[in-house]
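Beneath this line is the structure, given in structure tokens, with notes to follow.
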There are 4 protein chains.
Amino acid sequence: MDEGARAVSSISRAYADRVEVRGRDLSGDLMGRLSFTEYFHLLLTGEEPTEDQRYFLDLLLVAIAEHGMMPTNVAARMTLAADPESLQGAVAAGILGAGPVVLGTSEECARLLADARASGRAPLEIVRELHAAGGKVPGFGHPVHKPVDPRAERILELADERGVSGPHVELARAFRDAVAEEWGRPLTMNVSMPIAAVLLDLGFPATAAKAVPILARTAGLLAHLAEERERPVGFLLAKAAEEAVEYER
Amino acid sequence: MDEGARAVSSISRAYADRVEVRGRDLSGDLMGRLSFTEYFHLLLTGEEPTEDQRYFLDLLLVAIAEHGMMPTNVAARMTLAADPESLQGAVAAGILGAGPVVLGTSEECARLLADARASGRAPLEIVRELHAAGGKVPGFGHPVHKPVDPRAERILELADERGVSGPHVELARAFRDAVAEEWGRPLTMNVSMPIAAVLLDLGFPATAAKAVPILARTAGLLAHLAEERERPVGFLLAKAAEEAVEYER
Amino acid sequence: MDEGARAVSSISRAYADRVEVRGRDLSGDLMGRLSFTEYFHLLLTGEEPTEDQRYFLDLLLVAIAEHGMMPTNVAARMTLAADPESLQGAVAAGILGAGPVVLGTSEECARLLADARASGRAPLEIVRELHAAGGKVPGFGHPVHKPVDPRAERILELADERGVSGPHVELARAFRDAVAEEWGRPLTMNVSMPIAAVLLDLGFPATAAKAVPILARTAGLLAHLAEERERPVGFLLAKAAEEAVEYER
Amino acid sequence: MDEGARAVSSISRAYADRVEVRGRDLSGDLMGRLSFTEYFHLLLTGEEPTEDQRYFLDLLLVAIAEHGMMPTNVAARMTLAADPESLQGAVAAGILGAGPVVLGTSEECARLLADARASGRAPLEIVRELHAAGGKVPGFGHPVHKPVDPRAERILELADERGVSGPHVELARAFRDAVAEEWGRPLTMNVSMPIAAVLLDLGFPATAAKAVPILARTAGLLAHLAEERERPVGFLLAKAAEEAVEYER
């Protein structure tokens, strides 16, 4: 780091009599006017969303906030059981489990789509290369949803209906066909792929593909932790996990 | 734990062809119909919000998502600088700093208001007791906002305007007067107190008083971390902190 | 915080040509001379340990580093499975589960013993008060170890053998008798109580009662995470936990 | 995951009357006999260490436990200031900052050395390739220590003295020469490189190269957090960091 480097931020600043966020007055202008989703868009990008951006940001956040007793929810509930006073510790433990294997593929999908678009290479060619290298194609395959992921289908359907499907949604579908051809059978296109495609078609920055799932999942975690306080199951879950283990010397 | 204890959850379950959340079909019913805020309400409470609940949940989430370069944002940015690939690790570090001193007083405010209401004791009596015991009254005092916290005032104003101010908002104001009398001068009523009061007047469960700030603050953290990726300042912040330290043997 | 407050630390400072820790030269004096346990003592207290302090610090760290597939190990392994690149994220998730219910009672035991000693009140009186108030006595009861916790017994035995048992170990035993009398049957004295008693008899500061278990448990977590990398079970554990849950609308 | 997959672990299991760790009896055999460092070796590898392995494991843990007011210590202290009750939350926040940029290069150094040894390629060739690709060579360069890192030199010196320097230490030195040639001037070999080299020469598994720094750093974090409890500076550090930020619209 050079000596003269300056630490600059353009998100917000608190003054004695007001809070300024992205150049706007928080209490005088934003509070009561923007929904939380609109405000999240403003925070993340510096701009208030268009109606389409708002609609699909809400849609995508709803699509991935919650999906049954996920590993992240289990870990968070066990953590709260061990320290009932620390709600934020349990949320943090749950978010740490939102890694690429469980939740992070939207970002990889966004990279796949953006690279394909920038290079102009055919999806089938890319898919063959990934397959030959022993890898998976991000966004395809799901342990529960077969033959289709109902959330993925619904996102594509609404994107078409509302006329926001653009080149990235088109590419997502082309990857689906390419994967089916290369693997010799259709694989489930999971929810990560249309999330990435719709965000890119709506002009969101690449970081949104990971930020959106993390915010969404935090809502699901908070619901599980509220339930855990009322009706604790954390230690039962831990016990069930422990009992599944065989000890070998 | 007794042998026959069962682990029961009523939030959501994933099936091959659908995800069921709070008894509703996620892709068939909720996606595209509910905003993220409405969905968060459904997840947390099992019920879709009334229009007033929705409006104030949006308002409160917007009010506390972001407040300048908070300690939690600093810690999160330093963490991302040290591990640029792990967005979820940096979010988790930021959330861990959302403890009672920085962010947790809404929950204590809710307890204060609920206890005062249940016991019927006068705020002045409670305030005197806390003061005599050497303690603070939760929800009063702010290091930056003086003489008033503009966010707190705006929440109370909108609660009055929309007719949702009830016994807890009334109590919050009574505590403000009591604090001023006991301390001999007005103290800033900070944003935590009206958050608690409005949530209770709208019938939210007590856990919401902590869950709402955590979800809100996650949005602010994600904005700072997106900016950190574009324009890193984490190590500059760490250096400024280190340089403030004197080493004594 | 007043304007003129200074940030002072007396632990360590890095210079271009050396690192100074607690006033000593790290590479010139400490490295190669101190064991990690001795160095931990120096870091924590500013003093190198006596031979007894060193012996029992090693003993206590060994006693509680690992105890089967604990909830914290399960949570950490699930977290690593979700994000295989982030070892530090998985360790952090595991440590977050080291809360008072699972691991934190040493600190409460230390408080109980210190308060009893300071006040001179009889253990039976204190135990009756806790029982009457519906509470538990910290350090008694264990879900697996019955009728005794072999680790607790071994610590007491070695403390006696080496002549370090002092007033706090004596009090720990008096609490065991008092608990048996009040409950009408012996309860297991678990490992937390002798850890606290021995640390206090050896002159450790109160914070050590929590710091020692956290350092110890980190070693156990790292072993589980190394095994998880070689032989992954994180998702199997998550699945076993999920399958134990019944969904109710 | 196939249906019949079994969750197997060979680390430890708790029974009513004993705890078995790596096939040994914890209270009957290990407690009081093994130092914490020896026990960490047993936990991690399944074997008790040789005298050389024990000596250098202690040395390496001491070498990297603490290094002034590091970003991780700053983040942890700010987190404890915000939630003084949650020592484990603050430790977790600190560990999350132990990412590759700050602490993780030992693992990359181990990979570099192991690959060079397996392929038989000359260090200069590898260094040129990395440089041409715009990358850095892991283990070289340090923001504070110039021209040498005293910890790195001391580790190499003791490895030579005790006769444990083998092919990986030799390769580490060859990389130092290669880097100096390629860059046209010597770069500091930082502590990560000899840590990796000595661990590999002593037969440690590759995972140790990251596990050792994490355990070590936890000790430093616990010292800072004990000091923070006695003499809080967390908010002063946060303030100093905040004041370094310029807000731009």
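Going through the structure tokens in order, the chains are called A, B, and so on, while each chain numbers its residues from 1 and the ligands are numbered from 1 in the order shown.
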Sort by chain and increasing residue number a table of all residues of chain B within 12 Å of chain C, each with its closest pair of atoms and their distance in Å to one decimal, counting only C-alpha atoms, and write it as a tab-separated table.
residue	atom	partner	partner_atom	distance
B:Met1	CA	C:Pro143	CA	8.9
B:Asp2	CA	C:Pro143	CA	11.1
B:Ala5	CA	C:Ala244	CA	10.6
B:Arg6	CA	C:Val245	CA	7.5
B:Ala7	CA	C:Val245	CA	4.9
B:Val8	CA	C:Glu246	CA	4.8
B:Ser9	CA	C:Tyr247	CA	5.2
B:Ser10	CA	C:Glu248	CA	4.7
B:Ile11	CA	C:Tyr247	CA	7.6
B:Ser12	CA	C:Tyr247	CA	7.2
B:Arg13	CA	C:Tyr247	CA	6.8
B:Ala14	CA	C:Tyr247	CA	10.2
B:Tyr15	CA	C:Tyr247	CA	11.6
B:Glu20	CA	C:Arg249	CA	9.5
B:Val21	CA	C:Arg249	CA	8.8
B:Arg22	CA	C:Arg249	CA	6.3
B:Gly23	CA	C:Arg249	CA	5.5
B:Arg24	CA	C:Arg249	CA	9.3
B:Gly46	CA	C:Arg249	CA	9.4
B:Glu47	CA	C:Arg249	CA	11.9
B:Thr79	CA	C:Gly89	CA	11.2
B:Ala82	CA	C:Gln88	CA	11.4
B:Asp83	CA	C:Ser86	CA	9.2
B:Pro84	CA	C:Ser86	CA	11.2
B:Glu85	CA	C:Ser86	CA	9.1
B:Ser86	CA	C:Ser86	CA	7.5
B:Leu87	CA	C:Gly89	CA	10.7
B:Gln88	CA	C:Gly89	CA	8.6
B:Gly89	CA	C:Gly89	CA	6.1
B:Ala90	CA	C:Gly89	CA	9.5
B:Val91	CA	C:Gly89	CA	11.1
B:Ala92	CA	C:Gly89	CA	9.0
B:Ala93	CA	C:Ala92	CA	9.4
B:Leu96	CA	C:Leu96	CA	9.6
B:His142	CA	C:Met1	CA	11.6
B:Pro143	CA	C:Met1	CA	8.8
B:Val144	CA	C:Met1	CA	11.9
B:Ala241	CA	C:Ala7	CA	9.3
B:Glu242	CA	C:Ala7	CA	9.4
B:Glu243	CA	C:Ala7	CA	9.6
B:Ala244	CA	C:Ala7	CA	6.3
B:Val245	CA	C:Ala7	CA	4.9
B:Glu246	CA	C:Val8	CA	4.8
B:Tyr247	CA	C:Ser9	CA	5.2
B:Glu248	CA	C:Ser10	CA	4.7
B:Arg249	CA	C:Ser10	CA	5.3
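Using only C-alpha atoms, the residues found no farther than 9 Å from Ile214 (chain D), other than those of its own chain fewer than 3 positions away, are C:Leu87, C:Gln88, C:Val91, C:Thr218, C:Leu222, D:Ala65, D:Ile95, D:Ala98, D:Leu103, D:Gly104, D:Lys210, D:Ala211, D:Arg217, D:Thr218, D:Ala219.
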N, CA and C atoms of the current selection, written as a PDB file, in the first residue's frame:
ATOM      1  N   LEU C  87     -11.017 -23.071   5.875  1.00  0.00           N
ATOM      2  CA  LEU C  87     -10.770 -23.730   7.153  1.00  0.00           C
ATOM      3  C   LEU C  87     -11.079 -22.773   8.303  1.00  0.00           C
ATOM      4  N   GLN C  88     -10.702 -21.506   8.151  1.00  0.00           N
ATOM      5  CA  GLN C  88     -10.925 -20.583   9.265  1.00  0.00           C
ATOM      6  C   GLN C  88     -12.421 -20.322   9.480  1.00  0.00           C
ATOM      7  N   VAL C  91     -13.625 -23.316  11.534  1.00  0.00           N
ATOM      8  CA  VAL C  91     -13.170 -23.205  12.927  1.00  0.00           C
ATOM      9  C   VAL C  91     -14.018 -22.164  13.656  1.00  0.00           C
ATOM     10  N   THR C 218     -10.231 -25.472  20.192  1.00  0.00           N
ATOM     11  CA  THR C 218      -9.761 -25.172  18.834  1.00  0.00           C
ATOM     12  C   THR C 218      -8.876 -26.308  18.307  1.00  0.00           C
ATOM     13  N   LEU C 222      -9.668 -28.455  14.941  1.00  0.00           N
ATOM     14  CA  LEU C 222      -8.721 -28.570  13.827  1.00  0.00           C
ATOM     15  C   LEU C 222      -8.486 -30.032  13.456  1.00  0.00           C
TER      16      LEU C 222
ATOM     17  N   ALA D  65       2.059 -17.043  16.918  1.00  0.00           N
ATOM     18  CA  ALA D  65       0.870 -16.782  17.739  1.00  0.00           C
ATOM     19  C   ALA D  65       0.539 -15.296  17.815  1.00  0.00           C
ATOM     20  N   ILE D  95     -10.640 -15.063  14.131  1.00  0.00           N
ATOM     21  CA  ILE D  95     -10.183 -16.185  13.299  1.00  0.00           C
ATOM     22  C   ILE D  95     -10.636 -16.002  11.847  1.00  0.00           C
ATOM     23  N   ALA D  98      -8.193 -14.496   9.709  1.00  0.00           N
ATOM     24  CA  ALA D  98      -6.945 -15.223   9.483  1.00  0.00           C
ATOM     25  C   ALA D  98      -6.959 -15.863   8.098  1.00  0.00           C
ATOM     26  N   LEU D 103      -2.711 -14.639   6.892  1.00  0.00           N
ATOM     27  CA  LEU D 103      -2.136 -15.757   7.631  1.00  0.00           C
ATOM     28  C   LEU D 103      -2.022 -17.035   6.829  1.00  0.00           C
ATOM     29  N   GLY D 104      -2.687 -17.073   5.699  1.00  0.00           N
ATOM     30  CA  GLY D 104      -2.857 -18.364   5.070  1.00  0.00           C
ATOM     31  C   GLY D 104      -1.748 -18.796   4.142  1.00  0.00           C
ATOM     32  N   LYS D 210      -1.911 -25.114   7.638  1.00  0.00           N
ATOM     33  CA  LYS D 210      -2.911 -24.099   7.969  1.00  0.00           C
ATOM     34  C   LYS D 210      -3.407 -24.258   9.408  1.00  0.00           C
ATOM     35  N   ALA D 211      -3.478 -25.498   9.883  1.00  0.00           N
ATOM     36  CA  ALA D 211      -3.993 -25.743  11.232  1.00  0.00           C
ATOM     37  C   ALA D 211      -3.075 -25.135  12.287  1.00  0.00           C
ATOM     38  N   ARG D 217      -2.626 -18.571  16.426  1.00  0.00           N
ATOM     39  CA  ARG D 217      -3.234 -17.249  16.447  1.00  0.00           C
ATOM     40  C   ARG D 217      -4.370 -17.161  17.472  1.00  0.00           C
ATOM     41  N   THR D 218      -5.045 -18.277  17.718  1.00  0.00           N
ATOM     42  CA  THR D 218      -6.105 -18.276  18.732  1.00  0.00           C
ATOM     43  C   THR D 218      -5.533 -17.897  20.093  1.00  0.00           C
ATOM     44  N   ALA D 219      -4.321 -18.362  20.392  1.00  0.00           N
ATOM     45  CA  ALA D 219      -3.688 -17.996  21.666  1.00  0.00           C
ATOM     46  C   ALA D 219      -3.458 -16.490  21.738  1.00  0.00           C
TER      47      ALA D 219
END
Exercise for the section: Tell me, in Å to one decimal, how far CA of Gly32 (chain D) is from CA of Phe140 (chain C). Expected result: 23.1 Å
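Across the model, the gap from CA of Glu107 (chain C) to CA of Met193 (chain C) is 9.1 Å.
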